[in-house]
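> Sharing input_28.csv here; it has CSV, C-alpha atoms.
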```csv
chain,number,residue,atom,x,y,z
Q,1,MET,CA,-24.7,17.7,22.9
Q,2,ILE,CA,-26.9,15.8,20.5
Q,3,GLY,CA,-28.2,13.3,23.0
Q,4,GLU,CA,-30.4,10.3,22.1
Q,5,ASP,CA,-30.3,11.1,18.4
Q,6,PHE,CA,-26.5,10.8,18.3
Q,7,ALA,CA,-26.3,7.2,17.1
Q,8,GLY,CA,-28.6,7.8,14.2
Q,9,VAL,CA,-26.9,11.1,13.3
Q,10,LEU,CA,-23.5,9.5,13.4
Q,11,ALA,CA,-24.6,6.5,11.3
Q,12,ALA,CA,-26.1,8.8,8.7
Q,13,ALA,CA,-22.9,10.9,8.6
Q,14,GLN,CA,-20.9,7.8,8.1
Q,15,GLY,CA,-23.2,6.8,5.3
Q,16,GLY,CA,-22.4,10.1,3.5
Q,17,SER,CA,-25.3,12.3,4.7
Q,18,GLU,CA,-24.2,16.0,4.5
Q,19,ALA,CA,-27.0,17.1,6.8
Q,20,ALA,CA,-26.0,14.6,9.5
Q,21,PHE,CA,-22.4,15.7,9.2
Q,22,THR,CA,-23.4,19.3,9.4
Q,23,ARG,CA,-25.3,18.6,12.6
Q,24,LEU,CA,-22.2,16.9,14.1
Q,25,TRP,CA,-20.1,19.8,13.1
Q,26,ARG,CA,-22.4,22.5,14.4
Q,27,ASP,CA,-22.8,20.7,17.7
Q,28,ALA,CA,-19.1,20.3,18.3
Q,29,ASN,CA,-17.2,23.1,16.5
Q,30,PRO,CA,-18.0,26.0,18.9
Q,31,ALA,CA,-16.8,24.0,21.9
Q,32,LEU,CA,-13.8,22.9,19.9
Q,33,LEU,CA,-12.9,26.5,19.1
Q,34,ARG,CA,-13.3,27.6,22.7
Q,35,TYR,CA,-11.0,24.8,23.9
Q,36,LEU,CA,-8.4,25.6,21.2
Q,37,LYS,CA,-8.4,29.3,22.1
Q,38,VAL,CA,-7.1,28.2,25.5
Q,39,VAL,CA,-4.6,25.6,24.4
Q,40,ALA,CA,-3.6,27.0,20.9
Q,41,THR,CA,-4.4,30.7,21.3
Q,42,ASP,CA,-4.3,32.6,18.1
Q,43,SER,CA,-4.0,29.5,15.8
Q,44,ALA,CA,-7.3,28.1,17.1
Q,45,GLU,CA,-9.2,28.4,13.8
Q,46,ASP,CA,-6.4,26.7,11.8
Q,47,VAL,CA,-6.1,23.9,14.3
Q,48,ALA,CA,-9.8,23.4,14.3
Q,49,ALA,CA,-9.8,23.1,10.5
Q,50,GLU,CA,-7.0,20.6,10.6
Q,51,THR,CA,-8.8,18.6,13.3
Q,52,TRP,CA,-11.9,18.3,11.2
Q,53,VAL,CA,-9.9,17.2,8.2
Q,54,GLN,CA,-8.5,14.3,10.2
Q,55,VAL,CA,-11.9,13.5,11.8
Q,56,VAL,CA,-13.6,13.4,8.4
Q,57,ARG,CA,-11.0,11.0,7.2
Q,58,GLY,CA,-11.5,8.7,10.2
Q,59,LEU,CA,-15.3,9.2,10.5
Q,60,ALA,CA,-16.3,6.0,8.7
Q,61,ALA,CA,-14.2,3.8,11.0
Q,62,PHE,CA,-15.2,5.5,14.2
Q,63,ARG,CA,-17.2,3.4,16.7
Q,64,GLY,CA,-18.6,4.6,20.0
Q,65,ASP,CA,-21.2,6.7,21.7
Q,66,GLU,CA,-21.4,10.5,22.0
Q,67,ALA,CA,-19.0,10.6,24.9
Q,68,ALA,CA,-16.4,8.6,22.9
Q,69,TRP,CA,-17.1,10.8,19.9
Q,70,ARG,CA,-16.3,14.0,21.8
Q,71,ALA,CA,-13.3,12.4,23.5
Q,72,TRP,CA,-11.9,11.4,20.1
Q,73,LEU,CA,-12.6,14.8,18.7
Q,74,PHE,CA,-10.9,16.7,21.5
Q,75,THR,CA,-8.0,14.2,21.6
Q,76,THR,CA,-7.4,14.9,17.9
Q,77,ALA,CA,-7.7,18.6,18.4
Q,78,ARG,CA,-5.2,18.6,21.3
Q,79,ARG,CA,-2.6,16.6,19.1
Q,80,ARG,CA,-3.1,19.1,16.3
Q,81,ALA,CA,-2.7,22.0,18.7
Q,82,ILE,CA,0.6,20.5,20.1
Q,83,ASP,CA,1.8,20.2,16.5
Q,84,ALA,CA,0.9,23.8,15.7
Q,85,ILE,CA,2.5,25.1,18.8
Q,86,ARG,CA,5.7,23.1,18.2
Q,87,ARG,CA,5.8,24.5,14.6
Q,88,GLY,CA,5.3,28.1,15.9
Q,89,ALA,CA,7.6,27.9,18.9
Q,90,ARG,CA,10.3,25.8,17.1
Q,91,HIS,CA,10.5,23.6,20.1
Q,92,PRO,CA,9.6,20.2,18.7
Q,93,GLN,CA,10.1,18.3,21.9
Q,94,ALA,CA,8.3,20.7,24.3
Q,95,PRO,CA,5.1,19.4,25.7
Q,96,LEU,CA,2.1,21.6,25.9
Q,97,GLU,CA,2.5,22.2,29.7
Q,98,ASP,CA,6.1,23.3,29.3
Q,99,LEU,CA,5.7,26.0,26.7
Q,100,PRO,CA,7.4,29.3,27.5
Q,101,PRO,CA,5.2,31.8,29.3
Q,102,SER,CA,5.4,34.1,26.3
Q,103,ARG,CA,3.3,31.5,24.4
Q,104,HIS,CA,0.6,31.5,27.0
Q,105,PRO,CA,-2.6,33.5,26.2
Q,106,VAL,CA,-2.9,36.7,28.0
Q,107,ALA,CA,-5.5,36.8,30.8
Q,108,PRO,CA,-7.7,39.9,30.9
Q,109,ASP,CA,-7.1,42.4,33.5
Q,110,PRO,CA,-9.6,41.8,36.3
Q,111,ALA,CA,-10.4,45.5,36.3
Q,112,ASP,CA,-11.6,45.1,32.7
Q,113,LEU,CA,-14.0,42.4,33.8
Q,114,VAL,CA,-15.8,44.9,36.0
Q,115,LEU,CA,-16.5,47.1,33.1
Q,116,GLU,CA,-17.9,44.6,30.6
Q,117,HIS,CA,-20.5,41.9,30.6
Q,118,LEU,CA,-18.9,38.6,31.2
Q,119,GLY,CA,-19.4,37.1,27.8
Q,120,THR,CA,-18.1,33.9,26.4
Q,121,GLN,CA,-14.9,35.4,25.0
Q,122,SER,CA,-14.1,37.1,28.4
Q,123,ALA,CA,-14.8,33.8,30.2
Q,124,ILE,CA,-12.4,32.0,27.9
Q,125,ALA,CA,-9.7,34.7,28.5
Q,126,LEU,CA,-10.3,34.4,32.2
Q,127,VAL,CA,-9.8,30.6,32.2
Q,128,SER,CA,-6.7,31.0,29.9
Q,129,GLY,CA,-5.1,33.0,32.7
Q,130,LEU,CA,-5.1,29.9,34.9
Q,131,PRO,CA,-2.1,27.5,35.1
Q,132,ARG,CA,-2.0,25.3,32.0
Q,133,LEU,CA,-3.3,22.1,33.5
Q,134,GLN,CA,-6.1,23.8,35.4
Q,135,ALA,CA,-7.2,25.7,32.4
Q,136,GLU,CA,-7.2,22.7,30.1
Q,137,VAL,CA,-9.1,20.5,32.6
Q,138,ILE,CA,-11.8,23.1,33.2
Q,139,MET,CA,-12.3,23.6,29.4
Q,140,LEU,CA,-12.5,19.8,28.8
Q,141,ARG,CA,-14.9,19.3,31.7
Q,142,VAL,CA,-17.1,22.3,31.1
Q,143,VAL,CA,-16.9,23.0,27.4
Q,144,ALA,CA,-16.1,19.6,25.9
Q,145,GLY,CA,-18.5,17.9,28.3
Q,146,LEU,CA,-16.0,15.1,29.1
Q,147,ASP,CA,-16.1,13.4,32.5
Q,148,THR,CA,-13.2,13.1,34.9
Q,149,GLU,CA,-12.0,9.7,33.6
Q,150,ALA,CA,-12.1,10.8,30.0
Q,151,VAL,CA,-10.1,13.9,30.7
Q,152,ALA,CA,-7.6,11.8,32.7
Q,153,ARG,CA,-7.1,9.5,29.7
Q,154,LEU,CA,-6.9,12.4,27.3
Q,155,LEU,CA,-4.2,14.2,29.3
Q,156,GLY,CA,-2.4,11.1,30.5
Q,157,LYS,CA,-3.1,11.9,34.2
Q,158,SER,CA,-4.8,10.1,37.0
Q,159,PRO,CA,-8.5,10.9,37.7
Q,160,GLY,CA,-7.4,12.2,41.1
Q,161,ALA,CA,-5.0,14.6,39.6
Q,162,ILE,CA,-7.7,15.8,37.3
Q,163,ARG,CA,-10.1,16.5,40.2
Q,164,VAL,CA,-7.5,18.4,42.1
Q,165,ALA,CA,-6.6,20.5,39.1
Q,166,ALA,CA,-10.3,21.3,38.4
Q,167,HIS,CA,-11.0,22.3,41.9
Q,168,ARG,CA,-7.9,24.4,42.2
Q,169,GLY,CA,-8.8,26.1,39.0
Q,170,LEU,CA,-12.3,26.9,40.1
Q,171,ARG,CA,-11.1,28.3,43.4
Q,172,ARG,CA,-8.6,30.4,41.6
Q,173,LEU,CA,-11.4,31.7,39.3
Q,174,ALA,CA,-13.5,32.5,42.3
Q,175,GLU,CA,-10.6,34.5,43.8
Q,176,ILE,CA,-10.0,36.4,40.6
Q,177,LEU,CA,-13.7,37.3,40.2
Q,178,ALA,CA,-14.0,38.3,43.8
Q,179,GLU,CA,-11.0,40.6,43.5
Q,180,ALA,CA,-12.5,42.2,40.4
Q,181,GLY,CA,-15.9,42.5,42.1
Q,182,VAL,CA,-17.6,40.9,39.1
Q,183,THR,CA,-21.2,40.3,39.7
Q,184,LEU,CA,-24.1,39.9,37.3
G,1,MET,CA,-16.3,26.0,49.2
G,2,THR,CA,-16.7,22.2,49.3
G,3,ASP,CA,-15.5,19.7,46.7
G,4,ALA,CA,-19.1,18.6,46.1
G,5,ALA,CA,-20.1,22.2,45.3
G,6,LEU,CA,-17.2,22.5,42.9
G,7,ALA,CA,-18.0,19.2,41.3
G,8,ALA,CA,-21.6,20.4,40.8
G,9,LEU,CA,-20.3,23.5,39.1
G,10,LEU,CA,-18.3,21.5,36.7
G,11,ALA,CA,-21.3,19.3,35.9
G,12,GLY,CA,-23.3,22.5,35.2
G,13,GLU,CA,-25.5,22.2,38.2
G,14,ARG,CA,-26.4,25.3,40.1
G,15,SER,CA,-27.8,25.5,43.6
G,16,PRO,CA,-28.9,28.3,45.9
G,17,ALA,CA,-25.8,27.5,48.0
G,18,ASP,CA,-23.6,28.8,45.2
G,19,ALA,CA,-24.4,32.4,46.1
G,20,VAL,CA,-23.8,31.9,49.8
G,21,ALA,CA,-20.5,30.2,49.1
G,22,GLY,CA,-19.3,32.9,46.8
G,23,LEU,CA,-19.5,30.6,43.8
G,24,GLN,CA,-22.1,32.5,41.9
G,25,PRO,CA,-19.6,34.5,39.7
G,26,VAL,CA,-17.8,31.3,38.9
G,27,ALA,CA,-21.1,29.6,38.0
G,28,ASP,CA,-21.9,32.5,35.7
G,29,ALA,CA,-18.5,32.3,34.1
G,30,LEU,CA,-18.9,28.6,33.4
G,31,ALA,CA,-22.4,29.2,32.0
G,32,SER,CA,-20.8,31.7,29.6
G,33,LEU,CA,-18.3,29.0,28.5
G,34,ARG,CA,-21.3,26.8,27.7
G,35,ALA,CA,-23.3,29.5,25.9
G,36,GLY,CA,-24.7,29.0,22.5
G,37,PRO,CA,-22.6,29.4,19.4
G,38,SER,CA,-21.8,32.7,17.8
G,39,SER,CA,-21.8,33.3,14.1
G,40,GLU,CA,-18.0,33.4,14.1
G,41,GLU,CA,-17.9,29.9,15.6
G,42,LEU,CA,-20.0,28.5,12.7
G,43,ALA,CA,-18.1,30.3,10.0
G,44,GLY,CA,-16.0,27.3,9.0
G,45,GLU,CA,-18.9,25.1,8.1
G,46,ALA,CA,-18.5,25.4,4.4
G,47,SER,CA,-14.9,24.4,4.4
G,48,ALA,CA,-15.6,21.4,6.7
G,49,LEU,CA,-18.5,20.3,4.4
G,50,THR,CA,-16.2,20.6,1.4
G,51,GLU,CA,-13.7,18.3,3.0
G,52,PHE,CA,-16.5,15.9,4.0
G,53,ARG,CA,-17.8,15.8,0.3
G,54,ARG,CA,-14.2,15.2,-1.0
G,55,VAL,CA,-13.5,12.3,1.4
G,56,THR,CA,-16.9,10.7,1.1
G,57,GLY,CA,-16.7,11.0,-2.7
G,58,VAL,CA,-13.3,9.4,-2.7
G,59,SER,CA,-14.6,6.6,-0.5
G,60,ALA,CA,-17.5,5.9,-2.8
G,61,GLN,CA,-15.2,6.0,-5.8
G,62,THR,CA,-12.8,3.6,-4.1
G,63,LEU,CA,-15.6,1.2,-3.2
G,64,ARG,CA,-16.8,1.2,-6.8
G,65,SER,CA,-13.3,0.6,-8.0
G,66,HIS,CA,-12.8,-2.3,-5.7
G,67,HIS,CA,-16.1,-3.7,-6.9
G,68,ARG,CA,-15.0,-3.6,-10.5
G,69,ARG,CA,-11.5,-4.9,-9.9
G,70,PRO,CA,-11.1,-7.4,-7.1
G,71,SER,CA,-7.7,-7.5,-5.5
G,72,VAL,CA,-5.1,-10.1,-6.3
G,73,LEU,CA,-5.6,-11.8,-3.0
G,74,THR,CA,-9.4,-11.9,-3.5
G,75,SER,CA,-8.9,-13.4,-7.0
G,76,LEU,CA,-6.5,-16.0,-5.7
G,77,PHE,CA,-8.9,-16.9,-2.9
G,78,ARG,CA,-11.7,-17.3,-5.4
G,79,VAL,CA,-9.6,-19.5,-7.6
G,80,LYS,CA,-8.7,-21.7,-4.7
G,81,VAL,CA,-12.3,-22.0,-3.6
G,82,ALA,CA,-13.3,-22.9,-7.1
G,83,ALA,CA,-10.6,-25.5,-7.4
G,84,ALA,CA,-11.5,-27.0,-4.0
G,85,ALA,CA,-15.2,-27.2,-5.1
G,86,ALA,CA,-14.2,-28.9,-8.4
G,87,VAL,CA,-12.1,-31.5,-6.6
G,88,ALA,CA,-14.9,-32.1,-4.1
G,89,LEU,CA,-17.4,-32.5,-6.9
G,90,LEU,CA,-15.1,-34.8,-8.9
G,91,GLY,CA,-14.4,-36.9,-5.8
G,92,GLY,CA,-18.1,-37.1,-5.1
G,93,LEU,CA,-18.8,-38.3,-8.6
G,94,VAL,CA,-16.1,-40.9,-8.5
G,95,THR,CA,-17.3,-42.1,-5.1
G,96,ALA,CA,-20.9,-42.2,-6.4
G,97,ALA,CA,-19.7,-44.1,-9.5
G,98,TYR,CA,-17.9,-46.8,-7.5
G,99,ALA,CA,-20.9,-47.0,-5.2
G,100,ASP,CA,-23.2,-47.5,-8.1
G,101,ALA,CA,-25.2,-44.4,-7.1
G,102,LEU,CA,-25.3,-42.7,-10.5
G,103,PRO,CA,-28.2,-42.8,-12.9
G,104,ALA,CA,-27.9,-45.8,-15.2
G,105,PRO,CA,-26.5,-43.9,-18.3
G,106,ALA,CA,-23.9,-42.1,-16.2
G,107,GLN,CA,-23.0,-45.3,-14.4
G,108,LYS,CA,-22.5,-47.1,-17.7
G,109,LEU,CA,-20.2,-44.3,-18.8
G,110,ALA,CA,-18.3,-44.5,-15.5
G,111,HIS,CA,-18.0,-48.2,-15.9
G,112,GLU,CA,-16.4,-47.9,-19.3
G,113,ALA,CA,-14.2,-44.9,-18.4
G,114,ILE,CA,-12.8,-45.6,-14.9
G,115,GLY,CA,-13.8,-49.2,-14.2
G,116,ALA,CA,-16.7,-48.4,-11.9
G,117,PRO,CA,-19.2,-51.2,-11.5
G,118,GLU,CA,-22.0,-51.6,-13.9
G,119,SER,CA,-25.3,-50.2,-12.9
G,120,ALA,CA,-27.5,-52.2,-10.7
G,121,GLY,CA,-30.1,-52.4,-13.4
G,122,SER,CA,-27.6,-54.0,-15.8
G,123,GLN,CA,-26.4,-56.4,-13.1
G,124,ALA,CA,-29.9,-57.3,-12.3
G,125,ASP,CA,-30.5,-58.0,-16.0
G,126,ASN,CA,-27.3,-60.1,-16.1
G,127,HIS,CA,-28.2,-62.1,-13.0
G,128,ALA,CA,-31.9,-62.3,-13.6
G,129,LYS,CA,-31.8,-65.9,-14.5
G,130,ALA,CA,-29.9,-66.9,-11.5
G,131,GLY,CA,-32.0,-64.7,-9.2
G,132,SER,CA,-28.9,-63.1,-7.6
G,133,ALA,CA,-29.0,-60.0,-5.4
G,134,VAL,CA,-28.7,-56.6,-7.0
G,135,GLY,CA,-25.0,-55.4,-7.0
G,136,PRO,CA,-21.9,-55.6,-8.9
G,137,ASP,CA,-19.6,-58.6,-9.2
G,138,VAL,CA,-17.0,-58.4,-6.6
G,139,THR,CA,-14.2,-59.7,-8.7
G,140,GLY,CA,-11.9,-58.1,-11.2
G,141,LYS,CA,-12.4,-54.4,-12.0
G,142,ALA,CA,-15.6,-54.2,-9.9
G,143,ALA,CA,-13.7,-55.4,-6.8
G,144,PHE,CA,-10.9,-52.9,-7.5
G,145,GLY,CA,-13.5,-50.1,-8.0
G,146,LEU,CA,-15.4,-51.0,-4.9
G,147,CYS,CA,-12.2,-51.0,-2.9
G,148,ASN,CA,-11.4,-47.6,-4.3
G,149,ALA,CA,-14.8,-46.3,-3.3
G,150,PHE,CA,-14.3,-47.8,0.1
G,151,ASN,CA,-11.0,-45.9,0.5
G,152,GLU,CA,-12.6,-42.7,-0.8
G,153,ALA,CA,-15.5,-43.0,1.6
G,154,LYS,CA,-13.2,-43.7,4.5
G,155,GLU,CA,-11.4,-40.4,3.9
G,156,HIS,CA,-14.4,-38.2,3.2
G,157,GLY,CA,-17.1,-40.1,5.1
G,158,THR,CA,-19.8,-39.8,2.4
G,159,ALA,CA,-23.2,-41.4,2.5
G,160,ALA,CA,-22.0,-43.8,-0.3
G,161,GLN,CA,-21.0,-46.2,2.4
G,162,LYS,CA,-24.7,-47.3,2.5
G,163,GLY,CA,-24.6,-48.3,-1.1
G,164,VAL,CA,-25.2,-51.8,-2.4
G,165,ALA,CA,-21.5,-52.0,-3.6
G,166,PHE,CA,-20.3,-51.6,0.0
G,167,ARG,CA,-22.6,-54.3,1.3
G,168,ASN,CA,-21.5,-56.6,-1.4
G,169,LEU,CA,-17.8,-55.7,-0.7
G,170,ALA,CA,-18.3,-56.5,2.9
G,171,LYS,CA,-20.1,-59.7,2.0
G,172,ALA,CA,-17.4,-60.7,-0.4
G,173,ALA,CA,-14.7,-59.8,2.1
G,174,GLY,CA,-16.3,-61.9,4.8
G,175,GLY,CA,-17.4,-59.0,6.9
G,176,ALA,CA,-16.8,-55.3,7.2
G,177,SER,CA,-13.7,-55.8,9.3
G,178,SER,CA,-12.1,-57.8,6.6
G,179,ILE,CA,-12.6,-55.2,3.8
G,180,ALA,CA,-9.1,-53.7,4.2
G,181,SER,CA,-7.3,-57.1,3.9
G,182,PHE,CA,-9.6,-58.1,1.0
G,183,CYS,CA,-8.9,-54.9,-0.9
G,184,ALA,CA,-5.2,-55.3,-0.3
G,185,ALA,CA,-5.3,-58.6,-2.1
G,186,VAL,CA,-7.3,-57.2,-5.1
G,187,PRO,CA,-4.9,-56.6,-8.0
G,188,HIS,CA,-4.9,-53.4,-10.1
G,189,PRO,CA,-6.9,-53.9,-13.3
G,190,GLY,CA,-3.8,-53.2,-15.3
G,191,SER,CA,-1.7,-55.7,-13.6
G,192,SER,CA,-0.8,-59.1,-15.1
G,193,SER,CA,-2.3,-61.0,-12.2
G,194,GLU,CA,-5.7,-59.8,-12.9
G,195,PRO,CA,-8.1,-62.7,-13.1
G,196,GLN,CA,-9.5,-63.0,-16.6
G,197,ASN,CA,-13.2,-63.0,-17.2
G,198,PRO,CA,-13.8,-65.6,-19.9
G,199,GLY,CA,-16.9,-63.9,-21.0
G,200,ALA,CA,-15.4,-60.4,-21.2
G,201,LYS,CA,-14.4,-58.8,-24.4
G,202,PRO,CA,-10.7,-58.6,-25.1
G,203,THR,CA,-9.0,-55.5,-23.7
G,204,SER,CA,-6.5,-55.3,-26.5
G,205,HIS,CA,-6.7,-55.5,-30.3
G,206,PRO,CA,-4.4,-57.7,-32.3
G,207,THR,CA,-1.5,-56.0,-33.9
G,208,GLY,CA,0.9,-57.0,-36.7
G,209,LYS,CA,0.3,-58.9,-39.9
G,210,PRO,CA,-1.7,-62.0,-39.9
G,211,THR,CA,0.3,-65.2,-40.3
G,212,ALA,CA,-2.1,-66.7,-42.8
G,213,LEU,CA,-3.8,-65.2,-45.8
G,214,PRO,CA,-7.5,-65.2,-45.8
G,215,THR,CA,-9.1,-67.6,-48.2
G,216,PRO,CA,-10.3,-65.7,-51.2
G,217,HIS,CA,-13.7,-66.2,-52.6
G,218,ALA,CA,-13.5,-68.6,-55.6
G,219,HIS,CA,-14.0,-67.1,-59.0
G,220,PRO,CA,-14.2,-69.2,-62.2
G,221,THR,CA,-11.1,-68.9,-64.3
G,222,GLY,CA,-10.5,-70.0,-67.9
G,223,LYS,CA,-12.9,-70.5,-70.6
G,224,PRO,CA,-16.0,-72.6,-70.1
G,225,THR,CA,-15.6,-76.1,-71.3
G,226,SER,CA,-18.9,-76.2,-73.0
G,227,ARG,CA,-21.0,-73.6,-74.7
G,228,PRO,CA,-24.5,-73.1,-73.8
G,229,SER,CA,-26.8,-74.7,-76.1
G,230,PRO,CA,-28.7,-72.4,-78.5
G,231,HIS,CA,-32.3,-71.7,-78.0
G,232,PRO,CA,-34.2,-74.4,-79.7
G,233,HIS,CA,-36.1,-73.2,-82.8
G,234,PRO,CA,-39.3,-74.7,-83.5
G,235,THR,CA,-39.2,-76.9,-86.5
G,236,GLN,CA,-41.7,-76.5,-89.2
```
What's the structure tokens form of this structure?


Amino acid sequence: MIGEDFAGVLAAAQGGSEAAFTRLWRDANPALLRYLKVVATDSAEDVAAETWVQVVRGLAAFRGDEAAWRAWLFTTARRRAIDAIRRGARHPQAPLEDLPPSRHPVAPDPADLVLEHLGTQSAIALVSGLPRLQAEVIMLRVVAGLDTEAVARLLGKSPGAIRVAAHRGLRRLAEILAEAGVTL
Amino acid sequence: MTDAALAALLAGERSPADAVAGLQPVADALASLRAGPSSEELAGEASALTEFRRVTGVSAQTLRSHHRRPSVLTSLFRVKVAAAAAVALLGGLVTAAYADALPAPAQKLAHEAIGAPESAGSQADNHAKAGSAVGPDVTGKAAFGLCNAFNEAKEHGTAAQKGVAFRNLAKAAGGASSIASFCAAVPHPGSSSEPQNPGAKPTSHPTGKPTALPTPHAHPTGKPTSRPSPHPHPTQ
């Protein structure tokens, strides 16, 4: 997160400053990729690139604070991910939550978690093993930094449903890690 | 494992109770999700920047193009604004002319061109001997012009209503409330019922051939009946 400098950085980027745009990109792209690895699996890099193309085109017209900026960014990324998954799965009408299990990312074997340090990629793989809504909510809350209300708007759910999904996902993660005996 | 503890985890807040509640591994996993970027995650910067340059370049070019060539709608709007300004200016000049508010030379020109009253200075000169008040005569063309000015001011509400011409018009009409009826009775300068000013110049020039020939200057004709006498010569 950029913080109190965000308004100035955004204004400079909208005015054509490459340095300001680079700062926006470096701040958001890692989180964007991590989120897309959960919702778009192996096409995450392509979807991220498509997302930035669309964001750059709409950057001059964007108005809002940093929370709104990240909500816009991840909303755009999710739409591009759905398009990519539809193209790949040839199921144009299938919503993200209803994709066939074969399209879901493969969660790591808990036994493998014992053997390696729980790095970022392992943590992403661990969350990817959760039910779709729980995984997406945790990534949007933890990685994207969105609050419950913003996630609810983005996913078209009620804030209560988002809280329930997040808590269930965290409890499930705790169970998986306890079974694997992962400790640091 | 309380909801409050789970909410704190989502917010990135850790507490000593996490270890007791068995949430420490989850807290560590979430911390890994928030970890700093890897080099792979920053590898796409160049392509994103290329797209940024392309879009911002196009935007700047588009702005310059729009600056050089205004849209049809913008041009139409400007033409309408210019026309409205011209009409307002012309209306103001006409009103000022009928209100005798123009400088003397312009007022004289307006008097000759559109029948506006003569300038106050001219009127003052004309009426100096009689000691009359400054202001145009309220009969004939002047009355018609003053009525026009009155109507114009009524529509646009200009300050010309304070002019001498309006005061004279109100005086001539027998009061401000009678101006409308007074003006209704004033004939158009081009109509046959216009009262003629005996002292005014004729408004038309005679046409056609004259009915009588002008008297020619008399020239002597024929031979003189007498010869001039020769110069006398001195006698010896």

> Would you mind listing, as a PyMOL selection string, all residues of chain Q that have at least one atom within 9 Å of chain G, where all atoms listed in the file are what counts?

chain Q and resi 14-16+18+21-22+25-27+29-31+33-34+45+49+52-53+56-57+60+118-124+126+138-139+141-143+145+147+163+166-167+170-171+173-174+177-178+182-184

> Kindly give the distance, in Å, that separates CA of Arg86 in chain Q and CA of Trp69 in chain Q, rounded to a single decimal.

26.0 Å

> Suppose you want the space between CA of Glu149 in chain Q and CA of Ile2 in chain Q; what is it in Å?

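Atom-to-atom, CA of Glu149 in chain Q to CA of Ile2 in chain Q, that is 20.8 Å.
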
> Kindly indicate which residue among Q:Leu146, Q:Ala13, Q:Leu36, Q:Ala89 lies nearest to Gly58 in chain Q, using all atoms listed in the file for the distances.

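Selected residue with least distance to Gly58 in chain Q: Q:Ala13.
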
> Kindly give the distance, in Å, that separates CA of Val39 in chain Q and CA of Val9 in chain Q, rounded to a single decimal.

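For CA of Val39 in chain Q relative to CA of Val9 in chain Q, the distance reads 28.8 Å.
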
> Of the residues Q:Glu50, Q:Asp42, Q:Asp5, Q:Glu179, which is the one nearest to Arg79 in chain Q, using only C-alpha atoms?

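Among Q:Glu50, Q:Asp42, Q:Asp5, Q:Glu179, it is Q:Glu50 that comes nearest to Arg79 in chain Q.
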
> Which residue, Q:Ala20, Q:Leu133, Q:Ala180, Q:Ala7, has the smallest gap to Lys157 in chain Q when you use all atoms listed in the file?

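Distance minimum relative to Lys157 in chain Q lands on Q:Leu133.
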